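Shown next: query_7.pdb, containing PDB, C-alpha atoms and all ligand atoms.
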ATOM      1  CA  MET A   1       0.000   0.000   0.000  1.00  0.00           C
ATOM      2  CA  ASP A   2       1.451   3.264  -1.105  1.00  0.00           C
ATOM      3  CA  SER A   3      -1.216   5.690  -0.104  1.00  0.00           C
ATOM      4  CA  LYS A   4      -0.626   9.169   1.145  1.00  0.00           C
ATOM      5  CA  ARG A   5      -1.108   9.326   4.863  1.00  0.00           C
ATOM      6  CA  ARG A   6      -2.789  12.039   6.741  1.00  0.00           C
ATOM      7  CA  GLN A   7      -0.476  13.637   9.184  1.00  0.00           C
ATOM      8  CA  LEU A   8      -0.759  16.103  11.956  1.00  0.00           C
ATOM      9  CA  ILE A   9       2.206  18.073  13.070  1.00  0.00           C
ATOM     10  CA  THR A  10       2.235  19.228  16.643  1.00  0.00           C
ATOM     11  CA  GLY A  11       4.712  21.747  17.910  1.00  0.00           C
ATOM     12  CA  ILE A  12       5.833  20.804  21.383  1.00  0.00           C
ATOM     13  CA  SER A  13       7.171  24.254  22.159  1.00  0.00           C
ATOM     14  CA  VAL A  14       3.781  25.936  21.801  1.00  0.00           C
ATOM     15  CA  ALA A  15       2.277  27.217  25.023  1.00  0.00           C
ATOM     16  CA  GLY A  16      -0.908  25.458  26.076  1.00  0.00           C
ATOM     17  CA  ALA A  17      -1.383  21.728  26.058  1.00  0.00           C
ATOM     18  CA  GLY A  18      -2.675  20.322  22.835  1.00  0.00           C
ATOM     19  CA  VAL A  19      -2.404  23.513  20.842  1.00  0.00           C
ATOM     20  CA  LEU A  20      -2.124  22.532  17.236  1.00  0.00           C
ATOM     21  CA  LEU A  21       0.168  24.460  15.029  1.00  0.00           C
ATOM     22  CA  ASN A  22      -0.351  23.129  11.600  1.00  0.00           C
ATOM     23  CA  ALA A  23      -1.273  20.104   9.601  1.00  0.00           C
ATOM     24  CA  CYS A  24      -0.156  18.875   6.253  1.00  0.00           C
ATOM     25  CA  ARG A  25      -0.303  15.996   3.887  1.00  0.00           C
ATOM     26  CA  ALA A  26       2.765  13.927   3.377  1.00  0.00           C
ATOM     27  CA  ASN A  27       3.826  10.830   1.533  1.00  0.00           C
ATOM     28  CA  THR A  28       4.664   8.004   3.816  1.00  0.00           C
ATOM     29  CA  GLY A  29       4.511   4.301   3.419  1.00  0.00           C
ATOM     30  CA  PRO A  30       3.268   1.898   6.044  1.00  0.00           C
ATOM     31  CA  SER A  31       5.633   1.697   8.941  1.00  0.00           C
ATOM     32  CA  GLY A  32       6.064  -1.367  11.084  1.00  0.00           C
ATOM     33  CA  SER A  33       3.498  -4.137  11.180  1.00  0.00           C
ATOM     34  CA  ALA A  34       0.592  -2.137  12.559  1.00  0.00           C
ATOM     35  CA  THR A  35      -1.678  -1.728   9.565  1.00  0.00           C
ATOM     36  CA  ASN A  36      -5.008  -1.167  11.261  1.00  0.00           C
ATOM     37  CA  GLU A  37      -6.688   2.226  11.499  1.00  0.00           C
ATOM     38  CA  ASN A  38      -5.172   3.032  14.870  1.00  0.00           C
ATOM     39  CA  THR A  39      -3.289   6.270  15.105  1.00  0.00           C
ATOM     40  CA  LYS A  40       0.359   5.667  14.496  1.00  0.00           C
ATOM     41  CA  ASN A  41       3.224   7.667  15.767  1.00  0.00           C
ATOM     42  CA  GLU A  42       5.485   8.011  12.772  1.00  0.00           C
ATOM     43  CA  GLY A  43       8.394   8.913  15.006  1.00  0.00           C
ATOM     44  CA  PRO A  44       9.912  12.257  15.826  1.00  0.00           C
ATOM     45  CA  LYS A  45      10.846  14.559  12.987  1.00  0.00           C
ATOM     46  CA  THR A  46      13.737  16.908  12.977  1.00  0.00           C
ATOM     47  CA  GLY A  47      13.737  19.738  15.458  1.00  0.00           C
ATOM     48  CA  GLU A  48      10.892  19.965  17.909  1.00  0.00           C
ATOM     49  CA  GLU A  49       8.131  18.434  15.821  1.00  0.00           C
ATOM     50  CA  GLU A  50       6.643  15.023  15.890  1.00  0.00           C
ATOM     51  CA  THR A  51       4.252  13.694  13.299  1.00  0.00           C
ATOM     52  CA  LEU A  52       1.096  11.828  14.155  1.00  0.00           C
ATOM     53  CA  GLU A  53      -1.316  10.269  11.755  1.00  0.00           C
ATOM     54  CA  VAL A  54      -4.972  11.232  12.017  1.00  0.00           C
ATOM     55  CA  THR A  55      -7.333   8.494  10.851  1.00  0.00           C
ATOM     56  CA  ALA A  56     -10.744   9.105   9.254  1.00  0.00           C
ATOM     57  CA  THR A  57     -12.764   8.169  12.346  1.00  0.00           C
ATOM     58  CA  GLU A  58     -10.437  10.052  14.673  1.00  0.00           C
ATOM     59  CA  ASP A  59     -10.843  13.050  12.400  1.00  0.00           C
ATOM     60  CA  LEU A  60     -14.638  12.887  12.678  1.00  0.00           C
ATOM     61  CA  MET A  61     -14.454  12.559  16.463  1.00  0.00           C
ATOM     62  CA  ARG A  62     -12.026  15.427  16.960  1.00  0.00           C
ATOM     63  CA  GLU A  63     -14.329  17.561  14.812  1.00  0.00           C
ATOM     64  CA  HIS A  64     -16.997  16.679  17.361  1.00  0.00           C
ATOM     65  CA  GLY A  65     -14.551  17.972  19.972  1.00  0.00           C
ATOM     66  CA  ILE A  66     -14.541  21.400  18.307  1.00  0.00           C
ATOM     67  CA  LEU A  67     -18.333  21.364  18.070  1.00  0.00           C
ATOM     68  CA  ARG A  68     -18.615  20.359  21.745  1.00  0.00           C
ATOM     69  CA  ARG A  69     -16.532  23.377  22.689  1.00  0.00           C
ATOM     70  CA  ALA A  70     -18.930  25.552  20.700  1.00  0.00           C
ATOM     71  CA  LEU A  71     -21.840  23.920  22.546  1.00  0.00           C
ATOM     72  CA  LEU A  72     -20.169  24.565  25.908  1.00  0.00           C
ATOM     73  CA  VAL A  73     -19.908  28.258  25.024  1.00  0.00           C
ATOM     74  CA  TYR A  74     -23.621  28.259  24.147  1.00  0.00           C
ATOM     75  CA  GLN A  75     -24.436  26.513  27.428  1.00  0.00           C
ATOM     76  CA  GLU A  76     -22.484  29.003  29.535  1.00  0.00           C
ATOM     77  CA  SER A  77     -23.905  31.889  27.525  1.00  0.00           C
ATOM     78  CA  ALA A  78     -27.478  30.764  28.187  1.00  0.00           C
ATOM     79  CA  VAL A  79     -26.785  30.947  31.941  1.00  0.00           C
ATOM     80  CA  LYS A  80     -25.105  34.365  31.618  1.00  0.00           C
ATOM     81  CA  LEU A  81     -27.887  35.727  29.417  1.00  0.00           C
ATOM     82  CA  ARG A  82     -30.427  35.051  32.144  1.00  0.00           C
ATOM     83  CA  GLN A  83     -28.197  36.510  34.869  1.00  0.00           C
ATOM     84  CA  ASP A  84     -27.101  39.621  32.984  1.00  0.00           C
ATOM     85  CA  ALA A  85     -27.773  39.787  29.260  1.00  0.00           C
ATOM     86  CA  ALA A  86     -25.425  42.756  28.836  1.00  0.00           C
ATOM     87  CA  SER A  87     -22.488  40.559  29.924  1.00  0.00           C
ATOM     88  CA  VAL A  88     -22.797  38.466  26.752  1.00  0.00           C
ATOM     89  CA  PRO A  89     -21.381  40.269  23.701  1.00  0.00           C
ATOM     90  CA  PRO A  90     -23.650  39.362  20.767  1.00  0.00           C
ATOM     91  CA  ASP A  91     -20.725  39.252  18.351  1.00  0.00           C
ATOM     92  CA  ALA A  92     -19.104  36.423  20.340  1.00  0.00           C
ATOM     93  CA  LEU A  93     -22.267  34.335  19.920  1.00  0.00           C
ATOM     94  CA  GLU A  94     -22.433  35.319  16.261  1.00  0.00           C
ATOM     95  CA  LYS A  95     -18.879  33.999  15.849  1.00  0.00           C
ATOM     96  CA  VAL A  96     -19.851  30.692  17.483  1.00  0.00           C
ATOM     97  CA  ALA A  97     -22.876  30.397  15.191  1.00  0.00           C
ATOM     98  CA  ASN A  98     -20.674  31.140  12.193  1.00  0.00           C
ATOM     99  CA  LEU A  99     -18.123  28.524  13.234  1.00  0.00           C
ATOM    100  CA  PHE A 100     -20.886  25.972  13.776  1.00  0.00           C
ATOM    101  CA  ARG A 101     -22.277  26.772  10.305  1.00  0.00           C
ATOM    102  CA  VAL A 102     -18.988  26.647   8.403  1.00  0.00           C
ATOM    103  CA  PHE A 103     -17.149  23.893  10.250  1.00  0.00           C
ATOM    104  CA  GLY A 104     -20.049  21.865  11.690  1.00  0.00           C
ATOM    105  CA  GLU A 105     -22.958  22.116   9.300  1.00  0.00           C
ATOM    106  CA  ASP A 106     -21.396  22.849   5.910  1.00  0.00           C
ATOM    107  CA  TYR A 107     -18.282  20.718   6.324  1.00  0.00           C
ATOM    108  CA  HIS A 108     -18.577  17.989   8.985  1.00  0.00           C
ATOM    109  CA  GLU A 109     -22.273  17.247   8.438  1.00  0.00           C
ATOM    110  CA  LYS A 110     -22.894  17.976   4.790  1.00  0.00           C
ATOM    111  CA  LYS A 111     -19.584  17.075   3.170  1.00  0.00           C
ATOM    112  CA  LEU A 112     -18.623  14.122   5.363  1.00  0.00           C
ATOM    113  CA  GLU A 113     -21.523  12.604   7.314  1.00  0.00           C
ATOM    114  CA  GLU A 114     -24.293  13.100   4.765  1.00  0.00           C
ATOM    115  CA  THR A 115     -22.091  12.282   1.768  1.00  0.00           C
ATOM    116  CA  PHE A 116     -19.993   9.361   3.050  1.00  0.00           C
ATOM    117  CA  ILE A 117     -20.979   8.117   6.481  1.00  0.00           C
ATOM    118  CA  PHE A 118     -24.786   7.988   6.546  1.00  0.00           C
ATOM    119  CA  PRO A 119     -25.307   6.374   3.093  1.00  0.00           C
ATOM    120  CA  THR A 120     -22.939   3.518   4.060  1.00  0.00           C
ATOM    121  CA  VAL A 121     -24.482   3.096   7.508  1.00  0.00           C
ATOM    122  CA  GLN A 122     -27.986   3.132   6.044  1.00  0.00           C
ATOM    123  CA  LYS A 123     -27.138   0.083   3.926  1.00  0.00           C
ATOM    124  CA  SER A 124     -25.432  -1.806   6.731  1.00  0.00           C
ATOM    125  CA  PRO A 125     -27.179  -4.301   9.012  1.00  0.00           C
ATOM    126  CA  GLY A 126     -27.748  -3.474  12.657  1.00  0.00           C
ATOM    127  CA  ILE A 127     -29.250  -0.741  14.758  1.00  0.00           C
ATOM    128  CA  ALA A 128     -27.126   2.130  13.395  1.00  0.00           C
ATOM    129  CA  ALA A 129     -29.174   2.450  10.177  1.00  0.00           C
ATOM    130  CA  SER A 130     -32.306   3.179  12.181  1.00  0.00           C
ATOM    131  CA  TYR A 131     -30.776   6.400  13.547  1.00  0.00           C
ATOM    132  CA  VAL A 132     -30.005   8.025  10.208  1.00  0.00           C
ATOM    133  CA  ASP A 133     -33.381   9.682   9.553  1.00  0.00           C
ATOM    134  CA  VAL A 134     -33.391  11.292  12.989  1.00  0.00           C
ATOM    135  CA  LEU A 135     -29.784  12.436  12.629  1.00  0.00           C
ATOM    136  CA  LEU A 136     -30.630  14.062   9.274  1.00  0.00           C
ATOM    137  CA  HIS A 137     -33.660  15.740  10.804  1.00  0.00           C
ATOM    138  CA  GLN A 138     -31.454  17.069  13.603  1.00  0.00           C
ATOM    139  CA  HIS A 139     -28.938  18.437  11.081  1.00  0.00           C
ATOM    140  CA  ALA A 140     -31.813  20.327   9.427  1.00  0.00           C
ATOM    141  CA  ARG A 141     -33.159  21.610  12.751  1.00  0.00           C
ATOM    142  CA  GLY A 142     -29.667  22.675  13.786  1.00  0.00           C
ATOM    143  CA  ARG A 143     -29.407  24.771  10.609  1.00  0.00           C
ATOM    144  CA  GLU A 144     -32.702  26.487  11.363  1.00  0.00           C
ATOM    145  CA  ILE A 145     -31.512  27.349  14.864  1.00  0.00           C
ATOM    146  CA  THR A 146     -28.114  28.544  13.615  1.00  0.00           C
ATOM    147  CA  ASP A 147     -29.852  30.833  11.101  1.00  0.00           C
ATOM    148  CA  TRP A 148     -31.993  32.257  13.879  1.00  0.00           C
ATOM    149  CA  VAL A 149     -29.107  32.704  16.363  1.00  0.00           C
ATOM    150  CA  SER A 150     -27.053  34.433  13.648  1.00  0.00           C
ATOM    151  CA  ALA A 151     -29.898  36.828  12.891  1.00  0.00           C
ATOM    152  CA  ILE A 152     -30.541  37.668  16.564  1.00  0.00           C
ATOM    153  CA  THR A 153     -26.863  38.213  17.391  1.00  0.00           C
ATOM    154  CA  LYS A 154     -26.129  40.497  14.424  1.00  0.00           C
ATOM    155  CA  ALA A 155     -27.437  43.457  16.404  1.00  0.00           C
ATOM    156  CA  ASP A 156     -25.148  45.461  18.719  1.00  0.00           C
ATOM    157  CA  LYS A 157     -27.358  44.482  21.627  1.00  0.00           C
ATOM    158  CA  ILE A 158     -29.655  41.546  22.151  1.00  0.00           C
ATOM    159  CA  ALA A 159     -33.183  42.939  22.409  1.00  0.00           C
ATOM    160  CA  SER A 160     -34.613  42.294  25.860  1.00  0.00           C
ATOM    161  CA  ALA A 161     -37.590  40.446  24.352  1.00  0.00           C
ATOM    162  CA  SER A 162     -35.134  38.069  22.659  1.00  0.00           C
ATOM    163  CA  VAL A 163     -33.045  37.201  25.734  1.00  0.00           C
ATOM    164  CA  GLU A 164     -35.152  34.332  27.083  1.00  0.00           C
ATOM    165  CA  PRO A 165     -35.991  32.883  23.629  1.00  0.00           C
ATOM    166  CA  LEU A 166     -32.273  33.001  22.782  1.00  0.00           C
ATOM    167  CA  ALA A 167     -31.266  31.293  26.053  1.00  0.00           C
ATOM    168  CA  LYS A 168     -33.900  28.598  25.413  1.00  0.00           C
ATOM    169  CA  ALA A 169     -32.813  28.115  21.780  1.00  0.00           C
ATOM    170  CA  LEU A 170     -29.170  27.748  22.815  1.00  0.00           C
ATOM    171  CA  GLU A 171     -30.053  25.215  25.522  1.00  0.00           C
ATOM    172  CA  SER A 172     -32.194  23.112  23.200  1.00  0.00           C
ATOM    173  CA  PHE A 173     -29.478  23.213  20.532  1.00  0.00           C
ATOM    174  CA  VAL A 174     -26.886  22.063  23.083  1.00  0.00           C
ATOM    175  CA  ARG A 175     -29.145  19.282  24.332  1.00  0.00           C
ATOM    176  CA  MET A 176     -29.905  18.020  20.830  1.00  0.00           C
ATOM    177  CA  TYR A 177     -26.265  17.998  19.708  1.00  0.00           C
ATOM    178  CA  ALA A 178     -24.972  16.418  22.920  1.00  0.00           C
ATOM    179  CA  HIS A 179     -27.224  13.431  22.257  1.00  0.00           C
ATOM    180  CA  HIS A 180     -26.614  13.550  18.506  1.00  0.00           C
ATOM    181  CA  ALA A 181     -22.819  13.471  18.745  1.00  0.00           C
ATOM    182  CA  ALA A 182     -22.899  10.794  21.470  1.00  0.00           C
ATOM    183  CA  ILE A 183     -24.850   8.462  19.150  1.00  0.00           C
ATOM    184  CA  GLU A 184     -22.548   9.233  16.240  1.00  0.00           C
ATOM    185  CA  ASP A 185     -19.417   8.580  18.302  1.00  0.00           C
ATOM    186  CA  THR A 186     -20.640   5.328  19.839  1.00  0.00           C
ATOM    187  CA  VAL A 187     -22.952   3.811  17.201  1.00  0.00           C
ATOM    188  CA  ILE A 188     -22.683   5.497  13.794  1.00  0.00           C
ATOM    189  CA  PHE A 189     -18.929   5.909  13.354  1.00  0.00           C
ATOM    190  CA  PRO A 190     -18.134   2.394  14.631  1.00  0.00           C
ATOM    191  CA  ALA A 191     -20.803   0.969  12.265  1.00  0.00           C
ATOM    192  CA  TRP A 192     -19.331   2.947   9.363  1.00  0.00           C
ATOM    193  CA  LYS A 193     -15.867   1.723  10.213  1.00  0.00           C
ATOM    194  CA  ALA A 194     -17.080  -1.885  10.432  1.00  0.00           C
ATOM    195  CA  ALA A 195     -18.822  -1.598   7.040  1.00  0.00           C
ATOM    196  CA  THR A 196     -15.798  -0.079   5.318  1.00  0.00           C
ATOM    197  CA  GLY A 197     -12.656  -2.037   4.514  1.00  0.00           C
ATOM    198  CA  GLN A 198      -9.274  -0.875   5.776  1.00  0.00           C
ATOM    199  CA  GLY A 199      -8.063   0.090   2.309  1.00  0.00           C
ATOM    200  CA  GLU A 200     -11.178   2.152   1.696  1.00  0.00           C
ATOM    201  CA  LEU A 201     -10.854   3.770   5.128  1.00  0.00           C
ATOM    202  CA  ASP A 202      -7.335   4.870   4.239  1.00  0.00           C
ATOM    203  CA  GLU A 203      -8.538   6.245   0.897  1.00  0.00           C
ATOM    204  CA  LEU A 204     -11.423   8.050   2.532  1.00  0.00           C
ATOM    205  CA  GLY A 205      -9.057   9.508   5.112  1.00  0.00           C
ATOM    206  CA  GLU A 206      -7.221  11.128   2.224  1.00  0.00           C
ATOM    207  CA  LYS A 207     -10.464  12.149   0.543  1.00  0.00           C
ATOM    208  CA  PHE A 208     -11.591  13.866   3.758  1.00  0.00           C
ATOM    209  CA  GLU A 209      -8.274  15.696   3.825  1.00  0.00           C
ATOM    210  CA  GLU A 210      -8.812  16.883   0.249  1.00  0.00           C
ATOM    211  CA  ILE A 211     -12.317  18.080   1.056  1.00  0.00           C
ATOM    212  CA  GLU A 212     -11.008  19.891   4.124  1.00  0.00           C
ATOM    213  CA  GLN A 213      -8.376  21.634   2.011  1.00  0.00           C
ATOM    214  CA  GLU A 214     -10.920  22.552  -0.679  1.00  0.00           C
ATOM    215  CA  GLN A 215     -13.236  23.936   1.968  1.00  0.00           C
ATOM    216  CA  PHE A 216     -10.743  25.794   4.136  1.00  0.00           C
ATOM    217  CA  GLY A 217      -7.658  26.209   1.997  1.00  0.00           C
ATOM    218  CA  ASP A 218      -5.437  24.830   4.728  1.00  0.00           C
ATOM    219  CA  ASP A 219      -6.097  22.982   7.958  1.00  0.00           C
ATOM    220  CA  GLY A 220      -9.726  23.418   8.935  1.00  0.00           C
ATOM    221  CA  PHE A 221      -9.343  21.711  12.295  1.00  0.00           C
ATOM    222  CA  ALA A 222      -6.433  23.856  13.463  1.00  0.00           C
ATOM    223  CA  THR A 223      -8.151  27.008  12.243  1.00  0.00           C
ATOM    224  CA  ALA A 224     -11.421  26.096  13.949  1.00  0.00           C
ATOM    225  CA  LEU A 225      -9.580  25.229  17.165  1.00  0.00           C
ATOM    226  CA  LYS A 226      -7.796  28.576  17.162  1.00  0.00           C
ATOM    227  CA  ARG A 227     -11.059  30.393  16.574  1.00  0.00           C
ATOM    228  CA  MET A 228     -12.764  28.524  19.419  1.00  0.00           C
ATOM    229  CA  GLU A 229      -9.912  29.425  21.759  1.00  0.00           C
ATOM    230  CA  GLU A 230     -10.253  33.096  20.817  1.00  0.00           C
ATOM    231  CA  ILE A 231     -14.000  33.020  21.440  1.00  0.00           C
ATOM    232  CA  GLU A 232     -13.560  31.254  24.799  1.00  0.00           C
ATOM    233  CA  ASN A 233     -10.977  33.863  25.791  1.00  0.00           C
ATOM    234  CA  SER A 234     -13.242  36.746  24.802  1.00  0.00           C
ATOM    235  CA  LEU A 235     -16.022  35.357  27.006  1.00  0.00           C
ATOM    236  CA  GLY A 236     -13.821  34.531  29.996  1.00  0.00           C
ATOM    237  CA  LEU A 237     -14.360  30.795  29.503  1.00  0.00           C
ATOM    238  CA  ALA A 238     -10.780  29.759  28.777  1.00  0.00           C
ATOM    239  CA  ASN A 239      -9.833  28.627  32.259  1.00  0.00           C
ATOM    240  CA  LEU A 240     -10.630  24.909  32.478  1.00  0.00           C
ATOM    241  CA  ASP A 241     -10.314  24.907  36.255  1.00  0.00           C
ATOM    242  CA  MET A 242     -13.324  27.192  36.627  1.00  0.00           C
ATOM    243  CA  PHE A 243     -15.425  24.198  35.622  1.00  0.00           C
ATOM    244  CA  THR A 244     -14.024  21.867  38.275  1.00  0.00           C
ATOM    245  CA  ALA A 245     -17.024  20.641  40.267  1.00  0.00           C
ATOM    246  CA  PRO A 246     -17.281  21.586  43.943  1.00  0.00           C
ATOM    247  CA  ALA A 247     -16.680  18.866  46.514  1.00  0.00           C
ATOM    248  CA  PRO A 248     -19.797  16.834  47.333  1.00  0.00           C
ATOM    249  CA  PRO A 249     -21.601  17.417  50.652  1.00  0.00           C
ATOM    250  CA  LYS A 250     -19.813  15.751  53.587  1.00  0.00           C
TER     251      LYS A 250
HETATM  252 FE    FE B 301     -24.341  14.585  12.594  1.00  0.00          FE
HETATM  253 FE    FE B 302     -21.233  14.590  13.684  1.00  0.00          FE
END

Could you write out this structure as structure tokens?
Ligand SMILES: [Fe+2]
Ligand SMILES: [Fe+2]
Amino acid sequence: MDSKRRQLITGISVAGAGVLLNACRANTGPSGSATNENTKNEGPKTGEEETLEVTATEDLMREHGILRRALLVYQESAVKLRQDAASVPPDALEKVANLFRVFGEDYHEKKLEETFIFPTVQKSPGIAASYVDVLLHQHARGREITDWVSAITKADKIASASVEPLAKALESFVRMYAHHAAIEDTVIFPAWKAATGQGELDELGEKFEEIEQEQFGDDGFATALKRMEEIENSLGLANLDMFTAPAPPK
């Protein structure tokens, strides 16, 4: 097998754990005897970089990671909106809605799930196929809500009559996608992987990379991650420790 492998380059000198610098495509042959879809460490490169392969299913799941971060911002914003609507800058929510549209709805859902994953799963035996209609319906409902959130947050200030409807819309969006992504991660993606041969998985991994480059010009994941970090910073939600649960009652 002489296929191009998807690779992710991480810079170990970058501040902040897991901050991704860049990604690229590279020609590499299979290394060692591990030929399954597991992520392979291709070994350290020169300097301070190491190269890690990103498989097709890992790619889909880390995209869910970006979308989960967007949902967490929505969740926190719904709480803040009810406490003090003026403390939530509408443009920050507009940026989240835009990221969810471009990265989540137009790319992850439309170009990958609806084009490659769902059609295969629909034809495969087992319970996964029975979820597809609902998942498609949820994609469509998500788009409606994103349109509405974008429209409401375009203004300099969220109209007081829109505060509670916006908080409710954000919460219902978060709830729907939390369930949606959990089913995709645990039922749909494993079923797709099982129904697709290893060679085809490798090819599709490359195809996904091409689509990502067509869509974003460079590395969509790294760009989306950077944008999410900026949004979290602007809303004071970047400190992970602020979400550490309090100790239980003694
Ligand atoms: Fe989906
Ligand atoms: Fe998804």

Requested in this report: Name each residue within 8 Å of ligand FE 302 (chain B), counting only C-alpha atoms and all ligand atoms, as a ChimeraX atom specification.
Outcome: /A:60-61,63-64,104,108-109,113,180-181,184-185

| request: Would you translate the PyMOL selection byres (((chain A and resi 169) around 10) and not hetatm) into the concrete set of residues it matches in this file, as number ranges by chain? | output: A: 74, 78, 145-146, 148-149, 163-168, 170-175

Output file for the selection above: C-alpha atoms, as a PDB file, in the coordinates of the input:
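Below is the file that was written, selection15.pdb:
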ATOM      1  CA  TYR A  74     -23.621  28.259  24.147  1.00  0.00           C
ATOM      2  CA  ALA A  78     -27.478  30.764  28.187  1.00  0.00           C
ATOM      3  CA  ILE A 145     -31.512  27.349  14.864  1.00  0.00           C
ATOM      4  CA  THR A 146     -28.114  28.544  13.615  1.00  0.00           C
ATOM      5  CA  TRP A 148     -31.993  32.257  13.879  1.00  0.00           C
ATOM      6  CA  VAL A 149     -29.107  32.704  16.363  1.00  0.00           C
ATOM      7  CA  VAL A 163     -33.045  37.201  25.734  1.00  0.00           C
ATOM      8  CA  GLU A 164     -35.152  34.332  27.083  1.00  0.00           C
ATOM      9  CA  PRO A 165     -35.991  32.883  23.629  1.00  0.00           C
ATOM     10  CA  LEU A 166     -32.273  33.001  22.782  1.00  0.00           C
ATOM     11  CA  ALA A 167     -31.266  31.293  26.053  1.00  0.00           C
ATOM     12  CA  LYS A 168     -33.900  28.598  25.413  1.00  0.00           C
ATOM     13  CA  LEU A 170     -29.170  27.748  22.815  1.00  0.00           C
ATOM     14  CA  GLU A 171     -30.053  25.215  25.522  1.00  0.00           C
ATOM     15  CA  SER A 172     -32.194  23.112  23.200  1.00  0.00           C
ATOM     16  CA  PHE A 173     -29.478  23.213  20.532  1.00  0.00           C
ATOM     17  CA  VAL A 174     -26.886  22.063  23.083  1.00  0.00           C
ATOM     18  CA  ARG A 175     -29.145  19.282  24.332  1.00  0.00           C
TER      19      ARG A 175
END

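Residue nearest ligand FE 301 (chain B) within the list A:Phe216, A:Phe243, A:Phe208, A:Phe103: A:Phe103 [criterion: smallest interatomic distance, all atoms listed in the file].
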
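Atom pair CA of Gly220 in chain A / CA of Arg141 in chain A has a distance of 23.8 Å (rounded to one decimal).
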
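Nearest-residue note for ligand FE 301 (chain B): choosing from A:Val73, A:Val54, A:Ala178, A:Ile231, the minimum distance belongs to A:Ala178, counting only C-alpha atoms and all ligand atoms.
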
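Take CA of Lys111 in chain A and CA of Gly126 in chain A: the distance between them is 24.1 Å.
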
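Distances from A:Phe221, A:Ala86, A:Met228, A:Phe100 to Ala159 in chain A were compared using all atoms listed in the file, and the smallest one belongs to A:Ala86.
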
Min atom-atom distance to ligand FE 301 (chain B) from the set A:Ile211, A:Ile158, A:Ala70, A:Ala182, counting only C-alpha atoms and all ligand atoms, belongs to A:Ala182

Box dimensions and centre (Å, one decimal) enclosing range 193-202 of chain A, axis-aligned, 5 Å extra per side, as lines of an AutoDock Vina configuration file:
center_x = -13.1
center_y = 1.4
center_z = 6.1
size_x = 21.5
size_y = 16.9
size_z = 18.7

All residues 12 Å or closer to Ala238 in chain A, all atoms listed in the file, same chain fewer than 2 positions away omitted, as a VMD selection string: chain A and resid 16 69 72 to 73 76 228 to 236 240 to 243

Resulting file, chosen residues, C-alpha atoms, as a PDB file, keeping the file's coordinate frame:
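Okay, this is what ended up in out13.pdb:
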ATOM      1  CA  GLY A  16      -0.908  25.458  26.076  1.00  0.00           C
ATOM      2  CA  ARG A  69     -16.532  23.377  22.689  1.00  0.00           C
ATOM      3  CA  LEU A  72     -20.169  24.565  25.908  1.00  0.00           C
ATOM      4  CA  VAL A  73     -19.908  28.258  25.024  1.00  0.00           C
ATOM      5  CA  GLU A  76     -22.484  29.003  29.535  1.00  0.00           C
ATOM      6  CA  MET A 228     -12.764  28.524  19.419  1.00  0.00           C
ATOM      7  CA  GLU A 229      -9.912  29.425  21.759  1.00  0.00           C
ATOM      8  CA  GLU A 230     -10.253  33.096  20.817  1.00  0.00           C
ATOM      9  CA  ILE A 231     -14.000  33.020  21.440  1.00  0.00           C
ATOM     10  CA  GLU A 232     -13.560  31.254  24.799  1.00  0.00           C
ATOM     11  CA  ASN A 233     -10.977  33.863  25.791  1.00  0.00           C
ATOM     12  CA  SER A 234     -13.242  36.746  24.802  1.00  0.00           C
ATOM     13  CA  LEU A 235     -16.022  35.357  27.006  1.00  0.00           C
ATOM     14  CA  GLY A 236     -13.821  34.531  29.996  1.00  0.00           C
ATOM     15  CA  LEU A 240     -10.630  24.909  32.478  1.00  0.00           C
ATOM     16  CA  ASP A 241     -10.314  24.907  36.255  1.00  0.00           C
ATOM     17  CA  MET A 242     -13.324  27.192  36.627  1.00  0.00           C
ATOM     18  CA  PHE A 243     -15.425  24.198  35.622  1.00  0.00           C
TER      19      PHE A 243
END

With the PyMOL selection byres (((chain A and resi 116-122) around 10) and not hetatm) as the selection, what would be picked from this file? Answer as a ChimeraX atom specification, please. /A:109-115,123-133,135-136,184,187-196,204,208

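Interatomic distance, CA of Ile66 in chain A against CA of Leu225 in chain A: 6.4 Å.
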
Using only C-alpha atoms and all ligand atoms, the residue out of A:Val102, A:Ala97, A:Gln75, A:His179 with shortest distance to ligand FE 301 (chain B) is A:His179

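In terms of minimum interatomic distance to ligand FE 301 (chain B), A:His139 ranks closest within A:His139, A:Arg101, A:Lys226, A:Arg62, counting all atoms listed in the file.
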
- Do a neighbour search on Ala155 in chain A at 12 Å with only C-alpha atoms, toss out local chain neighbours closer than 3 positions, and write the hits as a ChimeraX atom specification. /A:89-94,149-152,158-160,162

Please produce range 181-186 of chain A, completed to N, CA and C atoms, as an mmCIF file, keeping the file's coordinate frame.
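Generated output (result.cif):
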data_model
loop_
_atom_site.group_PDB
_atom_site.id
_atom_site.type_symbol
_atom_site.label_atom_id
_atom_site.label_comp_id
_atom_site.auth_asym_id
_atom_site.auth_seq_id
_atom_site.Cartn_x
_atom_site.Cartn_y
_atom_site.Cartn_z
ATOM 1 N N ALA A 181 -24.236 13.831 18.896
ATOM 2 C CA ALA A 181 -22.819 13.471 18.745
ATOM 3 C C ALA A 181 -22.480 12.207 19.537
ATOM 4 N N ALA A 182 -23.163 12.003 20.672
ATOM 5 C CA ALA A 182 -22.899 10.794 21.470
ATOM 6 C C ALA A 182 -23.300 9.539 20.685
ATOM 7 N N ILE A 183 -24.423 9.615 19.974
ATOM 8 C CA ILE A 183 -24.850 8.462 19.150
ATOM 9 C C ILE A 183 -23.889 8.271 17.973
ATOM 10 N N GLU A 184 -23.481 9.373 17.372
ATOM 11 C CA GLU A 184 -22.548 9.233 16.240
ATOM 12 C C GLU A 184 -21.217 8.618 16.698
ATOM 13 N N ASP A 185 -20.711 9.097 17.819
ATOM 14 C CA ASP A 185 -19.417 8.580 18.302
ATOM 15 C C ASP A 185 -19.474 7.101 18.676
ATOM 16 N N THR A 186 -20.590 6.686 19.266
ATOM 17 C CA THR A 186 -20.640 5.328 19.839
ATOM 18 C C THR A 186 -21.341 4.304 18.948
#
